[in-house]
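A quick write-up on the structure given underneath.
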Amino acid sequence: MTVTITPNGTRGFHVPGAFRPLARFHARLYKLVGGRGHKNIVVLSTRGSTSGLERSSTVASFPEGEGNWLVVASMGGAANHPSWYVNLAKNPDHVYLQVRGKRYRVKPTSLHGADRSAAWKRITSEAANFAEYQTKTDREIPVVRLTRIL
């Protein structure tokens, strides 16, 4: 299974217009310093669903053993999904994860049902802000497992 785009919500956090340039700056900064000082932050690179260009976003990650990470498409509890999530679904063969100074090709998989529930419980116990984001929107915030391709 790959990434399935779940429905957007009807209410949620309003993302300010300055968010996108700041997010791009943060991704460049992360790459520049090789991830030092960013405990669970990684750079997720995808192919743009309309532009076809590589796009990079910094996201919180939750390691799952060797070669697996969970990422959450929360966008602060916005009604719409972040662009990187749509890009994962449209171009699942062009996804890379930079963890500290190393870049890996990864396969994205949406979590559903009991797998998503267990992952969500772990994520919200480690980072309570994600539980808060869920209260701001009526969409189910997607959880995606990224598996390293060897």
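Here, A, B, ... name the chains of the structure tokens in the order displayed, residue numbers run from 1 inside each chain, and ligands are numbered from 1 in the same displayed order.
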Write down as a PDB file with C-alpha atoms, in the first residue's frame the residues belonging to stretch 37-112 of chain A that are assigned strand (DSSP E or B) by DSSP computed on the backbone.
```
ATOM      1  CA  ILE A  41      13.506  17.023  12.826  1.00  0.00           C
ATOM      2  CA  VAL A  42      14.306  15.648   9.372  1.00  0.00           C
ATOM      3  CA  VAL A  43      14.081  16.977   5.826  1.00  0.00           C
ATOM      4  CA  LEU A  44      11.521  15.249   3.651  1.00  0.00           C
ATOM      5  CA  SER A  45      12.107  15.761  -0.077  1.00  0.00           C
ATOM      6  CA  THR A  46       9.345  15.007  -2.549  1.00  0.00           C
ATOM      7  CA  ARG A  47       8.603  15.674  -6.197  1.00  0.00           C
ATOM      8  CA  GLU A  54      12.010  18.597  -5.885  1.00  0.00           C
ATOM      9  CA  ARG A  55      10.481  20.176  -2.782  1.00  0.00           C
ATOM     10  CA  SER A  56      11.951  19.943   0.720  1.00  0.00           C
ATOM     11  CA  SER A  57      10.143  20.332   4.026  1.00  0.00           C
ATOM     12  CA  THR A  58      11.289  19.945   7.590  1.00  0.00           C
ATOM     13  CA  VAL A  59       9.049  17.606   9.553  1.00  0.00           C
ATOM     14  CA  ALA A  60       9.064  15.970  12.964  1.00  0.00           C
ATOM     15  CA  SER A  61       9.922  12.298  12.769  1.00  0.00           C
ATOM     16  CA  PHE A  62       9.476   9.393  15.116  1.00  0.00           C
ATOM     17  CA  PRO A  63      12.039   6.645  14.471  1.00  0.00           C
ATOM     18  CA  ASN A  68      11.716   3.293   9.510  1.00  0.00           C
ATOM     19  CA  TRP A  69      10.305   6.655  10.528  1.00  0.00           C
ATOM     20  CA  LEU A  70       6.825   7.974  11.192  1.00  0.00           C
ATOM     21  CA  VAL A  71       5.844  11.450  10.009  1.00  0.00           C
ATOM     22  CA  VAL A  72       2.595  13.307  10.641  1.00  0.00           C
ATOM     23  CA  ALA A  78      -5.026  23.116   9.319  1.00  0.00           C
ATOM     24  CA  TYR A  96      13.913  11.093   0.192  1.00  0.00           C
ATOM     25  CA  LEU A  97      14.599  11.647   3.860  1.00  0.00           C
ATOM     26  CA  GLN A  98      17.616  13.481   5.219  1.00  0.00           C
ATOM     27  CA  VAL A  99      18.407  12.457   8.778  1.00  0.00           C
ATOM     28  CA  LYS A 102      22.582  11.322   5.560  1.00  0.00           C
ATOM     29  CA  ARG A 103      20.015  11.164   2.773  1.00  0.00           C
ATOM     30  CA  TYR A 104      17.947   8.028   2.181  1.00  0.00           C
ATOM     31  CA  ARG A 105      15.458   7.020  -0.466  1.00  0.00           C
ATOM     32  CA  VAL A 106      12.283   5.934   1.321  1.00  0.00           C
ATOM     33  CA  LYS A 107       8.960   4.297   0.522  1.00  0.00           C
ATOM     34  CA  PRO A 108       5.917   6.041   2.042  1.00  0.00           C
ATOM     35  CA  THR A 109       2.946   4.063   3.385  1.00  0.00           C
ATOM     36  CA  SER A 110      -0.226   5.487   4.949  1.00  0.00           C
TER      37      SER A 110
END
```
For this session: One decimal, Å: what's the distance from atom CA of A:Phe130 over to atom CA of A:His94, could you say?
Result: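 According to the coordinates, atom CA of A:Phe130 and atom CA of A:His94 are separated by 26.5 Å.
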Exercise. What lies within 10 Å of A:Ala131 using only C-alpha atoms, ignoring chain neighbours under 2 positions off, as a VMD selection string?
Worked result: chain A and resid 74 77 120 to 121 123 to 125 127 to 129 133 to 136 141
Kindly save the residues from that selection, with C-alpha atoms included, as a compact mmCIF listing (two decimals), in the first residue's frame.
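What follows is the written file result_34.txt:
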```
# COMPACT_ATOMS: atom_id res chain seq x y z
CA SER A 74 -0.62 17.84 10.65
CA GLY A 77 -4.15 21.40 12.61
CA TRP A 120 -0.88 8.03 16.98
CA LYS A 121 -0.84 7.02 20.65
CA ILE A 123 3.34 10.11 18.72
CA THR A 124 1.01 12.07 21.02
CA SER A 125 2.68 10.63 24.12
CA ALA A 127 4.85 15.14 21.36
CA ALA A 128 1.60 16.40 22.91
CA ASN A 129 1.33 19.22 20.36
CA TYR A 133 -3.47 19.92 16.40
CA GLN A 134 -6.13 17.21 16.06
CA THR A 135 -8.55 19.29 18.18
CA LYS A 136 -8.20 22.24 15.76
CA ILE A 141 -4.45 13.84 10.57
```
Problem set entry | Those in chain A with alpha helix (DSSP H) from DSSP, as a ChimeraX atom specification | /A:19-33,83-90,113-126,129-136
